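What follows is a single structure, written as C-alpha cells, with notes after it.
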Amino acid sequence: MPISSLPSQLKSGSPPAGDSTVQDEHRHFKVLDVTMKRHRHQPDALIEVLHQAQAAFGYLELEVLAYVAKGLKLPLSKVYGVATFYHLFSLKPSGAHTCVVCLGTACHVKGASALITALENELGIKVGETTADNQVSLMTARCLGACGLAPAMVIDEVVSGKQCPDTALEQIRALSGK
Amino acid sequence: MDIAELHEIAQQARDRRKPTRIRCCTAAGCLSSGAAAVKTELAQAVKTAGLEDQVEVCSVGCMRFCGHGPLVAVDPSDTLYAAVTPTDAPSILTALNGGKATAAQADPNHPFFAQQQPIVLENSGLINPESIDDYIAAGGYEPLHHALTELTPEETLDEVTRSGLRGRGGGGYPTGLKWATVAKMPAGQKYVICNADEGDPGAFMDRSVLESDPHRILEGMAIAGYAIGANHGFIYVRAEYPLAIQRLKKAIQQAKRYALLGSQIFDAAFDFKIDIRIGAGAFVCGEETALMHSIQGQRGTPRPRPPYPAESGLWGCPTLINNVETLANIPAILRHGGDWYAGIGTETSKGTKVFALTGNITHTGLIEVPMGTPLRQIVADMGGGVPDGGRVKAVQTGGPSGGCIPAHLLDTPVEYESLQALGTIMGSGGMIVMDDHTSMVEIARFYMDFCKGESCGKCVPCRAGTVQLYDLLTQIMAGEATREDLDQLEALSAMVKDMSLCGLGQTAPNPVVSTLKYFKQEYLDLLLPASNRSGAPTVATLS
Ligand SMILES: Cc1cc2nc3c(=O)[nH]c(=O)nc-3n(C[C@H](O)[C@H](O)[C@H](O)COP(=O)(O)O)c2cc1C
Ligand code: FES
C-alpha cells in the first residue's frame, strides 16, 4: 500500500485527512529510523522497534513491517511472526477511541461479562471489532493490574474501576457526545 | 559515592521534611480513582491556609487498601482517609487542628493493617517512589554498600542461602541455590533478569512494588549481580504497566546520576547496569525461557529445559532470573542478615508473602503476611469476609496454574507445601475469593479459556488439549454432556499435564482438576443421564 493511502485517523487526536497526513507518515518513518539507529540496527531490538512503530502509526501495516525488516536486516517472515505473536501488536487500524474491558479473574468474578454484553449491544459490535463509523474499538484485556477496583475498564488509556453496565455505557455515550 | 555521602543525602532528605506530612497514594489504583486531583487540591488547601512551612503534601506509593482509594494518610497523627475526593481537601487540613474531616476514616488498627508484617512493602506508601533521596533516607542502598565493601560475593550469596528465601514467581525454587548455580559457572558474561511480567490475572503485587518502591528492585538486582558475577541486568516488564515502566526508568536515571549504577559502584571493583525491556501482551512470556526469547526480540515461545537459564540463558550466557518480589526481599536480607529472615515464617517457607486479595471480599488490596498465616485469618479477619453477609465458597490461588481451596479447608496455613497438598500452588500471590453464587465449573472454564488463548502453540498437548478441554467444559455447562464426557475431561486433563512442554500447559488443567476434586457434584448436576445421549462422542482424542 502506498504511504498516501494509509488511513488518517490512526489514533485518537490525530489530525483529519489532508496534506498533513502524508507529512505525518514521513515523520513517523523518521521516528522509526531514529529508533532503529539508537538500537544500532540490532535484530534483537525488534520488539522495541515494533512498539515504537505502533505508537507512531497506530497499528502495524504490512508496509511498516517491511520497512522494519529491511532496517533490522531480518526476513519479513520473522518480523511478521513476531508482530502476530504478541497480543498488543495490531495489524489492523483501530477506531478513534478504544475501550478495553478487563476480563481478568478479579474482574470476571465481579461481573465483567455484563459490561461486555452491555457495550456490545450499545455499539452493535463484538469484542475485537470497530464500529462502522470508525469511532470506537471494543477490546478485552487479561488483567490491568487494577484488580482492587474490579471490574475495571480503560477508555483511551484512562482506567476506571468499579464499573457497572450503566456507568460503562455512560462513558461510551460521552465519547460520541450522544 | 561513598557511605558518608549516602548518609549526607539521607540526612538532607530528613531535614527537608515538614512537621506534618500528608501522604497521597499515587500508585495506579488510586490514580484511576482520581488521586491526582485530590493531591492537587490538598496542596492548594495548604497554600490557602498559609501552612506551607508546617505541612507538606507528598506523593507516595501503594497504601494497600486499594479497594477504598484514593487514600490519604496524615503524619504524625497516623490518620488514614479513604475514598477521598478533592472537595474533602480543606476539611482534612481543618482536621489537623482538631476539626472534623468530611472524608471517611479507615482504622489503622483494623486487622487488615495490624496483622501485616511488611518487609517487601516496608517503604510502600511511606516514601516518594520518584525520589531516590527518599529511598536513601529510608536506609536504601546501604545493603548494597554493605555487600560491596564488607562482604565477598560468596558471603553475599551465603546470606541469601541462609535466609531460606524461595522464588516468589510461583515455583518456589530456593533462591540461594539458583544464585549459586549461576555463580559457579565460569567467569564471563552473565546476566540478571527481573521477571516483572506478572501475567496472573487478579494479581498486582509486583506492579505495586514497582510503582511504590522501584529502587528496591534495582538494589536487589545489583546485589544479585555482585553475588553471581554479572554486570548487566534486564527488567522485563509488561506493557500494561505504564506507570511502573515510567518510574523504573526514572529510578534508573537517578541511580546512575548517584553512581549507584554504572562502573565501580561504591569504589568497589563492580560494575552494573540495568536495561528495561517491555513485553507486548503474552502471558507465556512470564515463563523464563519464553521471556528470554522475548528479550532477544523473538517470538515468546518456551524451550525445553535443561539447559536451565543458569547454564545457558540470554544469548547463551549464564543467566539468573528472579521474580520482582524475590528481588525485593534481597535488600532486607542483606540489611538484617539471612538468619533474621529465616526466623520468619515456617520450617519450609521462610519470610513473608504478599497477596493481592480480590474478588467477593469486603477489603480488597495488598497484604503482606508471614508464611504460615492461615488462609482463614487472611480472608475472614483481614479481608473482612464476603460483603453483605455472603459466604465464602472457595479461595483461588496460583491463577491459571493454580486451584480452588474450598471453604472448609481455610484453616490451612499458606506455605508452598501445604498449598500444593491441596492441589493448588502458592503462585505469585493472586488470591481471589469466591462466594456461594460462583459456579465452579464456570470458573474452570474461565481459566481454560485463558490458557487456550495464551497457549503459544508450540507443543500439541497444550495447543490442542486446552481447546478440547474448553469445549468439554462448555458442553458440560450447556447441559449437553454425559458421564463419559466427564471421564474424558479427567483423562485429558492428566494427559495435558504430563505431556506439555512448559509450565503453561503442564499446569493448565489444575483449575479443572481442583474443582473436580472439591466440587464434583457441581459437574455431576450438569450432566445428562447416560441414556439421553445421542450419536457418537463429539470430542476427538489426540492421536
Ligand atoms: C506460563 C508461565 C507464566 C509465568 N509467569 C510468571 C510471571 O508473570 N512472573 C514471574 O515472576 N514468574 C512467572 N513464571 C515463573 C518463571 O518461569 C520463573 O520461574 C520465575 O520468574 C523465577 O523467579 P523466582 O525463582 O524468583 O520465582 C511463569 C511460569 C510459567 C510456566
Ligand atoms: S483482573 Fe481485572 S484488573 Fe486484574
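Just remember, in the C-alpha cells the first chain shown is A, the second B, etc., residues are 1-based per chain, and ligands are 1-based in the order shown.
Backbone DSSP over range 109-287 of chain B yields strand (DSSP E or B) at Arg166, Pro174, Tyr191, Val192, Ile193, Cys194, Asn195, Ala196, His232, Gly233, Phe234, Ile235, Tyr236, Val237, Gly262, Phe272, Lys273, Ile274, Asp275, Ile276, Arg277 and Ile278 of chain B.
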Taking only C-alpha atoms and all ligand atoms into account, which residues are within 7 Å of ligand 1, as an MDAnalysis selection string?
chainID B and resid 166:173 175 195:200 283:288 321:324 326 428 502:504
I need the alpha helix (DSSP H) residues of range 137-274 of chain B per DSSP on the backbone, written as a PyMOL selection string.
chain B and resi 137+142-150+153-163+175-184+205-212+214-228+242-257
Please identify all residues of chain A having at least one atom at most 6 Å from any atom of chain B, considering only C-alpha atoms, and return them as a list in words.
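So the contacting residues turn out to be Asp44, Ala45, Leu46, Ile47, Val82, Tyr86, His87, Leu88, Gly104, Thr105, Ala106, Val109, Cys143, Gly145, Ala146, Cys147, Gly148, Leu149, Val159 and Ser160 of chain A.
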Mind checking which residues fall within 8 Å of Ala114 in chain A, counting only C-alpha atoms, ignoring those fewer than 3 positions away in the same chain, and posting them as a short mmCIF file (atom, residue, chain, number, x, y, z; two decimals) with all heavy atoms, in the first residue's frame?
```cif
data_model
loop_
_atom_site.label_atom_id
_atom_site.label_comp_id
_atom_site.auth_asym_id
_atom_site.auth_seq_id
_atom_site.Cartn_x
_atom_site.Cartn_y
_atom_site.Cartn_z
N GLY A 111 -18.23 -9.46 37.69
CA GLY A 111 -19.25 -9.18 36.69
C GLY A 111 -18.80 -8.46 35.43
O GLY A 111 -19.57 -7.72 34.81
N THR A 117 -21.39 -7.42 27.53
CA THR A 117 -22.67 -7.58 26.87
C THR A 117 -23.32 -6.22 26.63
O THR A 117 -23.80 -5.93 25.53
CB THR A 117 -23.61 -8.45 27.75
OG1 THR A 117 -22.86 -9.56 28.21
CG2 THR A 117 -24.82 -8.92 26.99
N ALA A 118 -23.30 -5.39 27.66
CA ALA A 118 -23.93 -4.07 27.53
C ALA A 118 -23.24 -3.24 26.44
O ALA A 118 -23.91 -2.60 25.61
CB ALA A 118 -23.87 -3.33 28.86
N CYS A 164 -20.20 -0.61 36.38
CA CYS A 164 -21.36 -1.46 36.20
C CYS A 164 -21.85 -1.13 34.78
O CYS A 164 -21.38 -0.15 34.20
CB CYS A 164 -22.41 -1.20 37.26
SG CYS A 164 -23.11 0.44 37.16
N PRO A 165 -22.76 -1.92 34.22
CA PRO A 165 -23.17 -1.63 32.84
C PRO A 165 -23.60 -0.17 32.65
O PRO A 165 -23.24 0.44 31.65
CB PRO A 165 -24.33 -2.60 32.63
CG PRO A 165 -23.99 -3.77 33.48
CD PRO A 165 -23.32 -3.18 34.70
#
```
Residues near Tyr80 in chain A, cut-off 10 Å, only C-alpha atoms, skip fewer than 3 positions along chain, as a PyMOL selection string
chain A and resi 60+62+65-66+69+75-77+83-85+91
Write a file of the selected residues as a CSV table (one decimal), in the first residue's frame, keeping N, CA, C and O atoms.
```csv
chain,number,residue,atom,x,y,z
A,60,LEU,N,0.3,-1.8,12.9
A,60,LEU,CA,1.4,-2.2,12.1
A,60,LEU,C,1.0,-2.7,10.8
A,60,LEU,O,0.6,-3.9,10.6
A,62,LEU,N,1.5,-3.7,6.8
A,62,LEU,CA,2.5,-4.6,6.2
A,62,LEU,C,3.7,-3.8,5.7
A,62,LEU,O,4.8,-4.2,5.8
A,65,LEU,N,5.9,-3.1,8.5
A,65,LEU,CA,6.7,-4.3,8.9
A,65,LEU,C,7.8,-4.5,7.9
A,65,LEU,O,9.0,-4.9,8.3
A,66,ALA,N,7.6,-4.3,6.7
A,66,ALA,CA,8.6,-4.5,5.6
A,66,ALA,C,9.8,-3.5,5.9
A,66,ALA,O,10.9,-3.8,5.7
A,69,ALA,N,11.7,-4.7,8.8
A,69,ALA,CA,12.5,-5.9,8.4
A,69,ALA,C,13.8,-5.5,7.6
A,69,ALA,O,14.9,-6.0,7.9
A,75,PRO,N,14.4,-11.3,7.9
A,75,PRO,CA,13.4,-11.6,6.9
A,75,PRO,C,12.0,-11.1,7.3
A,75,PRO,O,11.7,-11.1,8.5
A,76,LEU,N,11.2,-10.7,6.3
A,76,LEU,CA,9.9,-10.2,6.7
A,76,LEU,C,9.1,-11.2,7.4
A,76,LEU,O,8.3,-10.9,8.3
A,77,SER,N,9.3,-12.5,7.1
A,77,SER,CA,8.5,-13.6,7.7
A,77,SER,C,8.8,-13.6,9.2
A,77,SER,O,7.9,-13.8,10.0
A,83,ALA,N,5.3,-10.0,15.1
A,83,ALA,CA,4.2,-9.0,15.2
A,83,ALA,C,2.9,-9.7,15.5
A,83,ALA,O,2.0,-9.2,16.2
A,84,THR,N,2.7,-10.9,14.9
A,84,THR,CA,1.4,-11.6,15.1
A,84,THR,C,1.4,-12.4,16.4
A,84,THR,O,0.3,-12.8,16.9
A,85,PHE,N,2.6,-12.7,17.0
A,85,PHE,CA,2.6,-13.5,18.2
A,85,PHE,C,2.1,-12.7,19.4
A,85,PHE,O,1.4,-13.3,20.2
A,91,LEU,N,-2.4,-5.5,13.6
A,91,LEU,CA,-2.1,-5.3,12.2
A,91,LEU,C,-3.3,-4.6,11.5
A,91,LEU,O,-3.2,-4.4,10.3
```
Within 8 Å of Gly351 in chain B, counting only C-alpha atoms, which residues qualify if same-chain residues fewer than 6 places away don't, as a list in words?
Leu165, Tyr341, Ala342, Gly343, Ile344, Gly345, Pro370 and Met371 of chain B
Write out the residues from the selection above, keeping N, CA and C atoms, as a compact mmCIF listing (two decimals), in the first residue's frame.
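Below is the file that was written, result_7.txt:
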```txt
# COMPACT_ATOMS: atom_id res chain seq x y z
N LEU B 165 15.10 -17.99 51.57
CA LEU B 165 14.18 -17.37 50.60
C LEU B 165 13.94 -18.31 49.42
N TYR B 341 15.95 -13.34 58.56
CA TYR B 341 14.86 -13.66 57.64
C TYR B 341 14.35 -15.07 57.88
N ALA B 342 15.31 -15.98 58.14
CA ALA B 342 14.93 -17.38 58.34
C ALA B 342 14.11 -17.57 59.61
N GLY B 343 14.14 -16.55 60.48
CA GLY B 343 13.36 -16.63 61.72
C GLY B 343 11.88 -16.31 61.50
N ILE B 344 11.54 -15.86 60.30
CA ILE B 344 10.16 -15.50 60.00
C ILE B 344 9.57 -16.61 59.13
N GLY B 345 8.31 -16.93 59.36
CA GLY B 345 7.67 -17.94 58.52
C GLY B 345 7.73 -19.32 59.13
N PRO B 370 3.34 -13.11 57.31
CA PRO B 370 4.36 -14.15 57.43
C PRO B 370 3.84 -15.44 56.82
N MET B 371 4.73 -16.19 56.20
CA MET B 371 4.37 -17.52 55.70
C MET B 371 3.81 -18.31 56.88
```
List as a PyMOL selection string the protein and nucleic acid residues near Ala36 in chain B, meaning an atom at most 10 Å away when only C-alpha atoms are counted, but skip any in the same chain fewer than 6 places from it.
chain B and resi 24-27+30+42+59+70+86
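Omitting range 28-39 of chain A and its sequence neighbours fewer than 2 positions away, and counting only C-alpha atoms, the residues within 7 Å are Asp24, Glu25, His26, His41, Gln42, Ala45, Val49, Gln52, Ala53, Ala56 and Phe57 of chain A.
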For each of B:Ile265, B:Val209, B:Cys317, B:Ile223, take the minimum atom-to-atom distance to Met185 in chain B, counting only C-alpha atoms, then give the residue where this is smallest.
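Comparing B:Ile265, B:Val209, B:Cys317, B:Ile223 against Met185 in chain B, the winner is B:Cys317.
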